[in-house]
file work18.txt (compact mmCIF, C-alpha atoms and all ligand atoms)
# COMPACT_ATOMS: atom_id res chain seq x y z
CA MET A 1 105.99 -11.12 -5.68
CA SER A 2 103.01 -10.56 -3.49
CA THR A 3 101.80 -7.13 -2.53
CA PRO A 4 99.85 -6.54 0.67
CA GLN A 5 96.68 -6.14 -1.43
CA ASN A 6 96.79 -9.85 -2.23
CA PHE A 7 95.86 -10.59 1.33
CA GLY A 8 92.67 -8.57 1.15
CA SER A 9 91.96 -5.09 2.30
CA LEU A 10 94.63 -3.48 4.46
CA VAL A 11 92.09 -2.04 6.93
CA PRO A 12 88.56 -2.96 8.02
CA PRO A 13 85.71 -1.30 6.06
CA ASN A 14 84.85 1.16 8.85
CA ILE A 15 88.41 2.53 8.67
CA GLU A 16 88.45 2.49 4.86
CA ASP A 17 85.32 4.67 4.82
CA LEU A 18 86.57 7.22 7.36
CA ILE A 19 86.79 10.83 6.23
CA PRO A 20 89.33 12.58 8.46
CA TYR A 21 88.17 15.51 10.59
CA GLN A 22 88.97 18.69 8.70
CA PRO A 23 90.19 21.34 11.08
CA GLY A 24 90.18 25.04 10.26
CA LYS A 25 92.87 25.90 7.75
CA PRO A 26 96.04 26.99 9.57
CA ILE A 27 97.18 30.57 8.86
CA GLU A 28 100.64 29.36 7.75
CA GLU A 29 99.08 27.00 5.22
CA LEU A 30 97.15 29.81 3.52
CA GLU A 31 100.29 31.95 3.43
CA ARG A 32 102.20 29.03 1.90
CA GLU A 33 99.56 28.00 -0.65
CA LEU A 34 98.23 31.32 -1.88
CA GLY A 35 101.09 33.60 -0.88
CA ILE A 36 98.66 35.75 1.08
CA LYS A 37 100.15 38.16 3.58
CA ASN A 38 98.60 38.56 7.02
CA PRO A 39 95.56 36.36 6.64
CA ILE A 40 93.14 36.13 9.53
CA LYS A 41 91.66 32.92 10.91
CA LEU A 42 88.07 32.85 12.14
CA ALA A 43 87.66 29.13 11.66
CA SER A 44 88.22 27.16 14.87
CA ASN A 45 86.29 28.99 17.61
CA GLU A 46 89.51 29.93 19.34
CA ASN A 47 89.64 32.68 21.95
CA PRO A 48 90.27 35.99 20.15
CA LEU A 49 91.76 37.53 23.31
CA GLY A 50 94.65 35.07 23.43
CA VAL A 51 95.82 32.89 26.32
CA SER A 52 94.81 33.26 29.96
CA PRO A 53 97.76 35.27 31.39
CA LYS A 54 97.88 33.15 34.53
CA ALA A 55 98.03 30.00 32.40
CA LEU A 56 100.83 31.46 30.31
CA ALA A 57 102.97 32.12 33.37
CA ALA A 58 102.37 28.63 34.77
CA ALA A 59 103.07 26.99 31.40
CA SER A 60 106.36 28.85 31.00
CA GLU A 61 107.51 27.69 34.39
CA ALA A 62 106.42 24.10 33.72
CA LEU A 63 108.53 24.00 30.57
CA LEU A 64 111.61 23.98 32.81
CA SER A 65 110.59 20.56 34.15
CA SER A 66 109.86 19.06 30.74
CA ASN A 67 112.55 16.41 31.16
CA ARG A 68 110.14 14.70 33.59
CA TYR A 69 107.00 12.79 32.69
CA PRO A 70 103.87 14.53 33.88
CA ASP A 71 101.82 13.16 36.76
CA GLY A 72 99.88 10.47 34.87
CA GLY A 73 97.10 10.71 37.45
CA GLY A 74 96.84 14.52 37.05
CA PHE A 75 96.49 14.91 40.83
CA ARG A 76 96.90 18.69 41.06
CA LEU A 77 94.70 19.59 38.09
CA ARG A 78 91.97 17.14 39.00
CA SER A 79 92.01 18.48 42.56
CA ALA A 80 91.71 22.06 41.29
CA ILE A 81 88.79 21.17 39.01
CA ALA A 82 87.05 19.19 41.76
CA ARG A 83 87.46 22.12 44.16
CA LYS A 84 85.98 24.53 41.64
CA TYR A 85 82.78 22.51 41.31
CA GLY A 86 82.56 21.09 44.83
CA LEU A 87 83.10 17.55 43.55
CA ASP A 88 85.48 14.78 44.47
CA ARG A 89 88.76 14.33 42.61
CA GLU A 90 87.64 10.79 41.70
CA GLU A 91 84.79 12.36 39.73
CA VAL A 92 87.14 14.19 37.33
CA VAL A 93 88.85 12.60 34.31
CA LEU A 94 91.39 14.49 32.19
CA GLY A 95 91.60 14.33 28.42
CA ASN A 96 93.96 15.50 25.71
CA GLY A 97 91.28 17.97 24.75
CA SER A 98 87.69 16.91 25.27
CA VAL A 99 87.79 15.07 21.93
CA ASP A 100 90.06 12.56 23.69
CA LEU A 101 87.29 11.96 26.23
CA ILE A 102 84.71 11.48 23.46
CA ASP A 103 86.93 8.76 22.05
CA LEU A 104 87.42 7.16 25.49
CA LEU A 105 83.66 7.14 26.13
CA VAL A 106 83.01 5.34 22.85
CA ARG A 107 85.79 2.83 23.41
CA ALA A 108 84.97 2.13 27.04
CA PHE A 109 81.19 1.85 26.92
CA LEU A 110 79.99 0.70 23.52
CA GLY A 111 79.98 -2.93 22.54
CA PRO A 112 79.19 -4.27 19.06
CA GLU A 113 75.47 -4.56 19.85
CA ASP A 114 75.12 -1.14 21.48
CA GLU A 115 74.04 2.07 19.79
CA ALA A 116 74.88 5.71 20.28
CA LEU A 117 72.33 8.47 19.67
CA LEU A 118 73.34 11.75 18.04
CA SER A 119 71.75 14.85 16.56
CA ARG A 120 72.46 15.14 12.83
CA HIS A 121 74.77 18.00 11.78
CA SER A 122 76.18 18.33 15.32
CA PHE A 123 79.86 18.13 16.33
CA MET A 124 81.65 15.70 14.00
CA SER A 125 84.01 14.21 16.56
CA TYR A 126 81.14 12.06 17.89
CA SER A 127 80.50 10.25 14.62
CA ILE A 128 84.21 10.06 13.79
CA ALA A 129 84.96 8.36 17.13
CA LEU A 130 82.05 5.97 16.57
CA LYS A 131 83.04 5.08 13.01
CA THR A 132 86.67 4.61 14.03
CA ALA A 133 85.61 2.16 16.71
CA GLY A 134 83.21 0.44 14.31
CA ARG A 135 80.24 1.20 16.56
CA ARG A 136 76.64 1.81 15.57
CA PHE A 137 74.81 5.10 15.89
CA VAL A 138 71.50 6.73 15.06
CA GLU A 139 71.16 10.39 14.08
CA VAL A 140 68.03 12.42 14.81
CA GLU A 141 67.16 15.46 12.67
CA PRO A 142 67.44 18.78 14.46
CA ARG A 143 64.65 21.38 14.19
CA ASP A 144 65.46 24.94 13.19
CA TYR A 145 69.16 24.19 13.83
CA ARG A 146 68.37 23.05 17.39
CA TYR A 147 68.66 19.63 19.01
CA ASP A 148 65.19 18.06 18.98
CA LEU A 149 65.37 16.40 22.38
CA GLU A 150 61.77 15.19 22.20
CA ALA A 151 62.52 13.29 19.01
CA MET A 152 65.78 12.03 20.49
CA ARG A 153 63.92 10.77 23.51
CA ARG A 154 61.55 8.86 21.23
CA ALA A 155 64.54 7.41 19.36
CA ILE A 156 65.91 5.69 22.46
CA THR A 157 65.69 1.91 22.15
CA PRO A 158 66.87 -0.96 24.36
CA ALA A 159 70.12 -0.85 22.33
CA THR A 160 70.83 2.81 23.16
CA LYS A 161 73.84 3.10 25.46
CA LEU A 162 75.42 6.52 24.83
CA VAL A 163 73.75 9.83 23.96
CA PHE A 164 75.73 12.91 22.97
CA VAL A 165 74.21 16.35 23.53
CA ALA A 166 76.31 19.43 22.72
CA ASN A 167 74.92 22.42 24.62
CA PRO A 168 75.52 24.98 23.23
CA ASP A 169 75.85 23.12 19.96
CA ASN A 170 78.64 23.32 17.39
CA PRO A 171 78.38 24.24 14.50
CA SER A 172 74.88 25.72 14.96
CA GLY A 173 75.64 27.80 18.08
CA THR A 174 72.12 27.07 19.37
CA TYR A 175 71.19 25.69 22.79
CA VAL A 176 68.58 23.56 24.50
CA SER A 177 66.72 25.09 27.44
CA ARG A 178 66.61 23.92 31.03
CA ALA A 179 63.03 22.69 30.56
CA GLU A 180 63.90 20.74 27.41
CA LEU A 181 66.98 19.12 28.96
CA SER A 182 65.17 18.36 32.18
CA ALA A 183 62.32 16.61 30.32
CA PHE A 184 64.85 14.63 28.30
CA LEU A 185 66.79 13.47 31.35
CA ARG A 186 63.76 12.49 33.43
CA ASP A 187 63.27 8.74 33.86
CA LEU A 188 65.77 7.70 31.24
CA PRO A 189 66.35 3.96 30.96
CA PRO A 190 69.11 3.27 33.49
CA ARG A 191 71.56 1.82 30.98
CA VAL A 192 71.74 5.08 28.99
CA ILE A 193 74.83 7.22 29.54
CA VAL A 194 74.14 10.88 28.76
CA VAL A 195 77.16 12.91 27.65
CA LEU A 196 76.52 16.63 27.91
CA ASP A 197 79.25 18.43 25.98
CA GLU A 198 79.54 21.95 27.37
CA ALA A 199 82.58 23.16 25.42
CA TYR A 200 80.99 26.64 25.09
CA PHE A 201 79.46 26.72 28.57
CA GLU A 202 81.26 29.93 29.57
CA PHE A 203 79.89 31.85 26.57
CA ALA A 204 76.20 30.98 26.98
CA ARG A 205 74.08 33.86 28.26
CA ALA A 206 70.43 32.89 27.73
CA ASP A 207 68.41 33.00 30.97
CA ASP A 208 67.11 29.47 30.43
CA TYR A 209 70.48 27.98 29.44
CA PRO A 210 71.02 25.14 31.92
CA ASP A 211 74.24 24.46 33.81
CA GLY A 212 74.67 20.70 33.38
CA LEU A 213 75.91 20.45 36.96
CA SER A 214 72.44 21.37 38.22
CA PHE A 215 71.38 17.85 37.12
CA TRP A 216 74.23 16.21 39.03
CA GLY A 217 72.99 13.18 40.95
CA GLN A 218 69.64 13.14 39.14
CA VAL A 219 70.74 11.01 36.20
CA PRO A 220 72.35 7.69 37.09
CA ARG A 221 74.85 7.77 34.23
CA PHE A 222 75.78 11.30 33.41
CA VAL A 223 78.97 12.79 31.96
CA ILE A 224 79.67 16.50 31.57
CA LEU A 225 82.49 17.45 29.20
CA ARG A 226 84.25 20.79 29.45
CA THR A 227 87.40 22.15 27.92
CA PHE A 228 90.15 24.71 28.37
CA ALA A 229 90.30 25.18 24.59
CA LYS A 230 87.67 27.90 24.21
CA ALA A 231 87.02 30.41 26.99
CA HIS A 232 90.41 29.83 28.66
CA GLY A 233 92.33 30.24 25.42
CA LEU A 234 94.34 26.99 25.63
CA ALA A 235 93.26 25.26 22.39
CA GLY A 236 96.88 24.62 21.42
CA LEU A 237 97.73 22.89 24.69
CA ARG A 238 94.98 20.24 24.40
CA VAL A 239 93.28 19.78 27.74
CA GLY A 240 89.67 19.01 28.59
CA TYR A 241 87.88 17.11 31.32
CA ALA A 242 84.91 14.93 32.16
CA LEU A 243 82.83 15.25 35.32
CA THR A 244 81.08 12.01 36.14
CA ASN A 245 80.50 9.46 38.88
CA ARG A 246 83.45 7.41 40.11
CA ILE A 247 82.36 4.23 38.42
CA VAL A 248 82.17 5.77 34.95
CA ALA A 249 85.38 7.70 35.70
CA GLY A 250 87.10 4.46 36.67
CA TYR A 251 86.33 2.87 33.32
CA LEU A 252 87.45 5.96 31.40
CA ASN A 253 90.73 5.81 33.30
CA ARG A 254 91.16 2.17 32.33
CA VAL A 255 91.14 2.98 28.61
CA ARG A 256 92.96 6.32 28.89
CA LEU A 257 96.55 6.29 27.64
CA PRO A 258 99.14 7.05 30.29
CA PHE A 259 100.28 10.70 30.25
CA ASN A 260 97.50 11.79 27.88
CA VAL A 261 97.77 15.37 29.18
CA SER A 262 101.21 16.98 29.04
CA LEU A 263 102.90 18.56 32.01
CA VAL A 264 102.69 22.03 30.46
CA ALA A 265 98.98 21.59 29.72
CA GLN A 266 98.25 20.35 33.25
CA ARG A 267 100.00 23.30 34.88
CA ALA A 268 98.50 25.85 32.50
CA ALA A 269 94.99 24.50 33.03
CA GLU A 270 95.44 24.47 36.80
CA ALA A 271 96.21 28.19 36.66
CA ALA A 272 93.52 28.92 34.04
CA ILE A 273 90.69 27.41 36.03
CA ASP A 274 91.09 30.15 38.63
CA ASP A 275 91.58 32.93 36.09
CA ASP A 276 88.00 34.16 36.34
CA GLU A 277 89.04 37.61 35.25
CA PHE A 278 90.17 36.31 31.84
CA VAL A 279 87.15 34.07 31.35
CA GLN A 280 84.75 36.90 32.24
CA ARG A 281 86.56 39.29 29.94
CA SER A 282 86.40 36.74 27.11
CA ARG A 283 82.73 36.11 27.78
CA HIS A 284 81.82 39.81 27.76
CA TYR A 285 83.96 40.59 24.75
CA CYS A 286 82.49 37.73 22.70
CA ALA A 287 78.91 38.64 23.62
CA GLU A 288 79.44 42.22 22.50
CA ALA A 289 81.36 41.31 19.34
CA LEU A 290 78.73 38.70 18.47
CA GLY A 291 76.13 41.49 18.47
CA VAL A 292 78.26 43.68 16.21
CA LEU A 293 79.00 40.80 13.84
CA THR A 294 75.36 39.71 13.71
CA ARG A 295 74.16 43.23 12.88
CA GLY A 296 76.86 43.55 10.21
CA LEU A 297 75.75 40.28 8.63
CA GLN A 298 72.11 41.26 8.76
CA ALA A 299 72.99 44.55 7.04
CA LEU A 300 74.43 42.41 4.24
CA GLY A 301 71.22 40.43 4.04
CA VAL A 302 72.94 37.27 5.29
CA PRO A 303 70.80 35.09 7.59
CA VAL A 304 72.44 34.36 10.96
CA VAL A 305 71.47 31.53 13.32
CA PRO A 306 71.15 32.98 16.87
CA SER A 307 74.24 31.89 18.81
CA GLN A 308 75.16 31.33 22.46
CA THR A 309 78.82 30.81 21.65
CA ASN A 310 81.89 32.56 20.27
CA PHE A 311 80.93 31.78 16.65
CA VAL A 312 77.99 32.10 14.26
CA LEU A 313 76.47 29.85 11.63
CA ILE A 314 75.45 31.81 8.56
CA GLU A 315 73.59 30.92 5.39
CA VAL A 316 75.13 32.19 2.18
CA PRO A 317 73.31 32.62 -1.15
CA ARG A 318 75.74 30.33 -2.99
CA ASP A 319 77.63 27.10 -2.47
CA GLY A 320 79.36 27.42 0.90
CA VAL A 321 82.67 25.95 -0.21
CA GLU A 322 82.80 28.39 -3.13
CA VAL A 323 82.25 31.38 -0.83
CA TYR A 324 84.84 29.95 1.57
CA GLN A 325 87.40 29.75 -1.23
CA SER A 326 86.67 33.29 -2.39
CA LEU A 327 87.14 34.49 1.19
CA LEU A 328 90.49 32.65 1.34
CA ARG A 329 91.68 34.74 -1.59
CA GLU A 330 90.77 37.81 0.48
CA GLY A 331 92.94 36.42 3.29
CA VAL A 332 90.01 35.42 5.52
CA ILE A 333 89.76 31.83 6.78
CA VAL A 334 86.31 30.71 7.91
CA ARG A 335 84.86 27.21 8.11
CA PRO A 336 82.94 25.58 5.26
CA LEU A 337 80.41 23.03 6.54
CA ALA A 338 79.81 20.65 3.64
CA ALA A 339 81.24 17.81 5.76
CA TYR A 340 78.52 18.59 8.33
CA GLY A 341 75.82 18.37 5.66
CA TYR A 342 75.35 22.15 5.49
CA LYS A 343 75.99 22.98 1.84
CA ARG A 344 75.15 26.69 1.86
CA HIS A 345 76.54 27.62 5.20
CA LEU A 346 79.70 28.91 6.82
CA ARG A 347 80.77 29.00 10.44
CA VAL A 348 82.56 32.16 11.50
CA SER A 349 84.37 32.51 14.82
CA ILE A 350 84.46 35.81 16.62
CA GLY A 351 87.75 37.61 16.19
CA LEU A 352 89.13 40.93 17.32
CA PRO A 353 87.10 43.98 16.22
CA GLU A 354 89.31 44.70 13.21
CA GLU A 355 89.23 41.02 12.17
CA ASN A 356 85.44 40.96 12.30
CA GLN A 357 85.30 44.13 10.19
CA ARG A 358 87.75 42.64 7.70
CA PHE A 359 85.60 39.54 7.43
CA LEU A 360 82.44 41.62 6.86
CA ALA A 361 84.17 43.70 4.18
CA ALA A 362 85.54 40.58 2.46
CA LEU A 363 82.14 38.88 2.54
CA ALA A 364 80.46 41.99 1.13
CA LYS A 365 82.99 42.00 -1.70
CA VAL A 366 82.67 38.27 -2.41
CA LEU A 367 78.86 38.41 -2.42
CA GLY A 368 78.86 41.65 -4.41
CA ARG A 369 76.86 43.43 -1.74
CA SER A 370 77.14 46.82 -0.16
CA THR A 371 77.68 47.14 3.59
CA GLU A 372 75.15 50.02 3.73
C1 LIG B 1 85.75 22.72 20.49
C2 LIG B 1 84.82 21.65 20.94
C3 LIG B 1 85.22 20.70 21.86
C4 LIG B 1 86.56 20.77 22.53
O1 LIG B 1 87.55 20.28 21.85
P1 LIG B 1 88.98 20.12 22.54
O2 LIG B 1 89.35 18.75 22.18
O3 LIG B 1 88.82 20.29 24.02
O4 LIG B 1 89.81 21.17 21.92
C5 LIG B 1 84.34 19.74 22.29
N1 LIG B 1 83.08 19.74 21.86
C6 LIG B 1 82.63 20.66 21.00
C7 LIG B 1 81.20 20.64 20.60
C8 LIG B 1 83.50 21.63 20.51
O5 LIG B 1 83.06 22.52 19.62

call {"tool": "encode", "arguments": {"input": "work18.txt", "output": "structure tokens"}}
result
Amino acid sequence: MSTPQNFGSLVPPNIEDLIPYQPGKPIEELERELGIKNPIKLASNENPLGVSPKALAAASEALLSSNRYPDGGGFRLRSAIARKYGLDREEVVLGNGSVDLIDLLVRAFLGPEDEALLSRHSFMSYSIALKTAGRRFVEVEPRDYRYDLEAMRRAITPATKLVFVANPDNPSGTYVSRAELSAFLRDLPPRVIVVLDEAYFEFARADDYPDGLSFWGQVPRFVILRTFAKAHGLAGLRVGYALTNRIVAGYLNRVRLPFNVSLVAQRAAEAAIDDDEFVQRSRHYCAEALGVLTRGLQALGVPVVPSQTNFVLIEVPRDGVEVYQSLLREGVIVRPLAAYGYKRHLRVSIGLPEENQRFLAALAKVLGRSTE
């Protein structure tokens, strides 16, 4: 009898070596595994204020038509997004979350000889998509938890085809300034496609934080990624989008699976994009809560990386995974970052006021520190 192993490895080496993306631990899983009642989750940068109310109403209504396939071309949602930014519908591509678009970019544009350029320790979906596709990439060290765009610029070679810049960044929460981004984008080799991932755009408040759209038309191959998962509170519905020129958009649409965004997600997002009230409320709440959380952490003597997002990166005095596990036993789920190469760090998403206080109290207990 022959087993499949006799014919060599079942998958190519790049697939064999993949380490799956580890999402934040679901609340139900912690309840199941440790029998903990009412845990809180501050692990996936979700919106603590819930779902955009307008989106919720639209999604409920859309459920009634769920026997039908969605519009595979996403006409209504793409039109709404285009209208919001004064672009053309042909310049908008929809994704099943923006991670879908990251995958499409890698698959559509990178050949076996091409390279992607990343910042080390940044969002893991970039390297996962690249490894899955068996494509090459170079990682540049950040400086003080920030993208080092000068070093990235120097790392561009004739093989460089795709550059990913998360601004603000995840998991550091830091940002690159308008001046830094502008210098990076100036006179890039024309074959380079710059992907500016603005998943936390709505939360950024720094005066010199640049809106990627202000560079529209200045870079020949430019892609802005945004998502409904964070500020609009639709993480569970999976919908994000790319803004780019029609040629790049056309290729993304060639590799996109039909119906990659569900009917419910399309309708919810269409309503959410005009729910400025909810986005502004989320933005203001998170800015204020970030201040409270930061001061609470500083009072515990825990270093905090300055953040422009709805989460913070903190440095703990012990192994990060160990502190994470101790916090789990207190019913608090945060994100360990060993997979990102940060061994003594945790990422903590902003929750409701009582959740943030519970996290601070649990951390104080786990670290044996007083909150005074
Ligand atoms: C959360 C996040 C996304 C968005 O993911 P979705 O697939 O839209 O949920 C994209 N990029 C970064 C850097 C993120 O942190």

call {"tool": "residues_around", "arguments": {"input": "work18.txt", "residues": "range 169-171 of chain A", "least_positions_apart": "2", "cutoff": "7 Å", "atoms": "only C-alpha atoms", "output": "ChimeraX atom specification"}}
result
/A:122-123,166-167,173-175,313,347

call {"tool": "residues_near_ligand", "arguments": {"input": "work18.txt", "ligand": "ligand LIG 1 (chain B)", "cutoff": "10 Å", "atoms": "all atoms listed in the file", "output": "ChimeraX atom specification"}}
result
/A:44-46,95-102,122-126,164-173,196-200,225-230,234-241,309,311

call {"tool": "residues_around", "arguments": {"input": "work18.txt", "residues": "range 155-163 of chain A", "least_positions_apart": "6", "cutoff": "8 Å", "atoms": "only C-alpha atoms", "output": "PyMOL selection string"}}
result
chain A and resi 106+109-110+113-118+140+191-195

call {"tool": "atom_distance", "arguments": {"input": "work18.txt", "atom1": "CA of Ala272 in chain A", "atom2": "CA of Tyr85 in chain A"}}
result
14.5 Å

call {"tool": "residues_around", "arguments": {"input": "work18.txt", "residues": "Gly86 in chain A", "least_positions_apart": "5", "cutoff": "12 Å", "atoms": "all atoms listed in the file", "output": "VMD selection string"}}
result
chain A and resid 78 to 81 91 to 92 213 216 243

call {"tool": "residues_around", "arguments": {"input": "work18.txt", "residues": "Ser65 in chain A", "least_positions_apart": "3", "cutoff": "9 Å", "atoms": "all atoms listed in the file", "output": "MDAnalysis selection string"}}
result
chainID A and resid 61:62 68:69 263:264

call {"tool": "residues_around", "arguments": {"input": "work18.txt", "residues": "range 247-252 of chain A", "least_positions_apart": "5", "cutoff": "9 Å", "atoms": "only C-alpha atoms", "output": "MDAnalysis selection string"}}
result
chainID A and resid 90:93 101 104:105 107:109 221:223 242

call {"tool": "build_atoms", "arguments": {"input": "work18.txt", "residues": "range 10-28 of chain A", "atoms": "N, CA, C and O atoms", "output": "PDB file, in the coordinates of the input"}}
result
ATOM      1  N   LEU A  10      93.639  -3.784   3.422  1.00  0.00           N
ATOM      2  CA  LEU A  10      94.630  -3.480   4.460  1.00  0.00           C
ATOM      3  C   LEU A  10      93.967  -3.103   5.791  1.00  0.00           C
ATOM      4  O   LEU A  10      94.501  -3.371   6.857  1.00  0.00           O
ATOM      5  N   VAL A  11      92.793  -2.469   5.710  1.00  0.00           N
ATOM      6  CA  VAL A  11      92.090  -2.040   6.930  1.00  0.00           C
ATOM      7  C   VAL A  11      90.636  -2.503   6.867  1.00  0.00           C
ATOM      8  O   VAL A  11      90.116  -2.756   5.786  1.00  0.00           O
ATOM      9  N   PRO A  12      89.979  -2.583   8.031  1.00  0.00           N
ATOM     10  CA  PRO A  12      88.560  -2.960   8.020  1.00  0.00           C
ATOM     11  C   PRO A  12      87.721  -1.889   7.305  1.00  0.00           C
ATOM     12  O   PRO A  12      88.159  -0.741   7.213  1.00  0.00           O
ATOM     13  N   PRO A  13      86.523  -2.253   6.838  1.00  0.00           N
ATOM     14  CA  PRO A  13      85.710  -1.300   6.060  1.00  0.00           C
ATOM     15  C   PRO A  13      85.399  -0.005   6.796  1.00  0.00           C
ATOM     16  O   PRO A  13      85.353   1.054   6.182  1.00  0.00           O
ATOM     17  N   ASN A  14      85.190  -0.075   8.122  1.00  0.00           N
ATOM     18  CA  ASN A  14      84.850   1.160   8.850  1.00  0.00           C
ATOM     19  C   ASN A  14      86.009   2.159   8.821  1.00  0.00           C
ATOM     20  O   ASN A  14      85.801   3.368   8.827  1.00  0.00           O
ATOM     21  N   ILE A  15      87.242   1.636   8.750  1.00  0.00           N
ATOM     22  CA  ILE A  15      88.410   2.530   8.670  1.00  0.00           C
ATOM     23  C   ILE A  15      88.567   3.020   7.229  1.00  0.00           C
ATOM     24  O   ILE A  15      88.845   4.196   6.973  1.00  0.00           O
ATOM     25  N   GLU A  16      88.349   2.125   6.271  1.00  0.00           N
ATOM     26  CA  GLU A  16      88.450   2.490   4.860  1.00  0.00           C
ATOM     27  C   GLU A  16      87.528   3.670   4.541  1.00  0.00           C
ATOM     28  O   GLU A  16      87.881   4.571   3.790  1.00  0.00           O
ATOM     29  N   ASP A  17      86.329   3.659   5.138  1.00  0.00           N
ATOM     30  CA  ASP A  17      85.320   4.670   4.820  1.00  0.00           C
ATOM     31  C   ASP A  17      85.476   5.977   5.603  1.00  0.00           C
ATOM     32  O   ASP A  17      84.737   6.922   5.395  1.00  0.00           O
ATOM     33  N   LEU A  18      86.427   6.019   6.526  1.00  0.00           N
ATOM     34  CA  LEU A  18      86.570   7.220   7.360  1.00  0.00           C
ATOM     35  C   LEU A  18      86.973   8.431   6.527  1.00  0.00           C
ATOM     36  O   LEU A  18      87.843   8.338   5.656  1.00  0.00           O
ATOM     37  N   ILE A  19      86.345   9.559   6.811  1.00  0.00           N
ATOM     38  CA  ILE A  19      86.790  10.830   6.230  1.00  0.00           C
ATOM     39  C   ILE A  19      87.401  11.609   7.393  1.00  0.00           C
ATOM     40  O   ILE A  19      86.717  11.874   8.381  1.00  0.00           O
ATOM     41  N   PRO A  20      88.693  11.943   7.303  1.00  0.00           N
ATOM     42  CA  PRO A  20      89.330  12.580   8.460  1.00  0.00           C
ATOM     43  C   PRO A  20      88.660  13.906   8.829  1.00  0.00           C
ATOM     44  O   PRO A  20      88.157  14.618   7.962  1.00  0.00           O
ATOM     45  N   TYR A  21      88.660  14.227  10.101  1.00  0.00           N
ATOM     46  CA  TYR A  21      88.170  15.510  10.590  1.00  0.00           C
ATOM     47  C   TYR A  21      88.968  16.617   9.923  1.00  0.00           C
ATOM     48  O   TYR A  21      90.192  16.558   9.866  1.00  0.00           O
ATOM     49  N   GLN A  22      88.262  17.589   9.357  1.00  0.00           N
ATOM     50  CA  GLN A  22      88.970  18.690   8.700  1.00  0.00           C
ATOM     51  C   GLN A  22      88.987  19.902   9.588  1.00  0.00           C
ATOM     52  O   GLN A  22      87.988  20.597   9.736  1.00  0.00           O
ATOM     53  N   PRO A  23      90.124  20.167  10.196  1.00  0.00           N
ATOM     54  CA  PRO A  23      90.190  21.340  11.080  1.00  0.00           C
ATOM     55  C   PRO A  23      90.219  22.626  10.253  1.00  0.00           C
ATOM     56  O   PRO A  23      90.368  22.573   9.033  1.00  0.00           O
ATOM     57  N   GLY A  24      90.054  23.748  10.936  1.00  0.00           N
ATOM     58  CA  GLY A  24      90.180  25.040  10.260  1.00  0.00           C
ATOM     59  C   GLY A  24      91.553  25.147   9.630  1.00  0.00           C
ATOM     60  O   GLY A  24      92.538  24.617  10.137  1.00  0.00           O
ATOM     61  N   LYS A  25      91.602  25.791   8.479  1.00  0.00           N
ATOM     62  CA  LYS A  25      92.870  25.900   7.750  1.00  0.00           C
ATOM     63  C   LYS A  25      93.859  26.726   8.565  1.00  0.00           C
ATOM     64  O   LYS A  25      93.556  27.851   8.965  1.00  0.00           O
ATOM     65  N   PRO A  26      95.065  26.202   8.824  1.00  0.00           N
ATOM     66  CA  PRO A  26      96.040  26.990   9.570  1.00  0.00           C
ATOM     67  C   PRO A  26      96.487  28.229   8.772  1.00  0.00           C
ATOM     68  O   PRO A  26      96.580  28.174   7.552  1.00  0.00           O
ATOM     69  N   ILE A  27      96.741  29.313   9.482  1.00  0.00           N
ATOM     70  CA  ILE A  27      97.180  30.570   8.860  1.00  0.00           C
ATOM     71  C   ILE A  27      98.411  30.338   7.977  1.00  0.00           C
ATOM     72  O   ILE A  27      98.471  30.807   6.839  1.00  0.00           O
ATOM     73  N   GLU A  28      99.390  29.582   8.501  1.00  0.00           N
ATOM     74  CA  GLU A  28     100.640  29.360   7.750  1.00  0.00           C
ATOM     75  C   GLU A  28     100.371  28.649   6.423  1.00  0.00           C
ATOM     76  O   GLU A  28     101.052  28.891   5.436  1.00  0.00           O
TER      77      GLU A  28
END
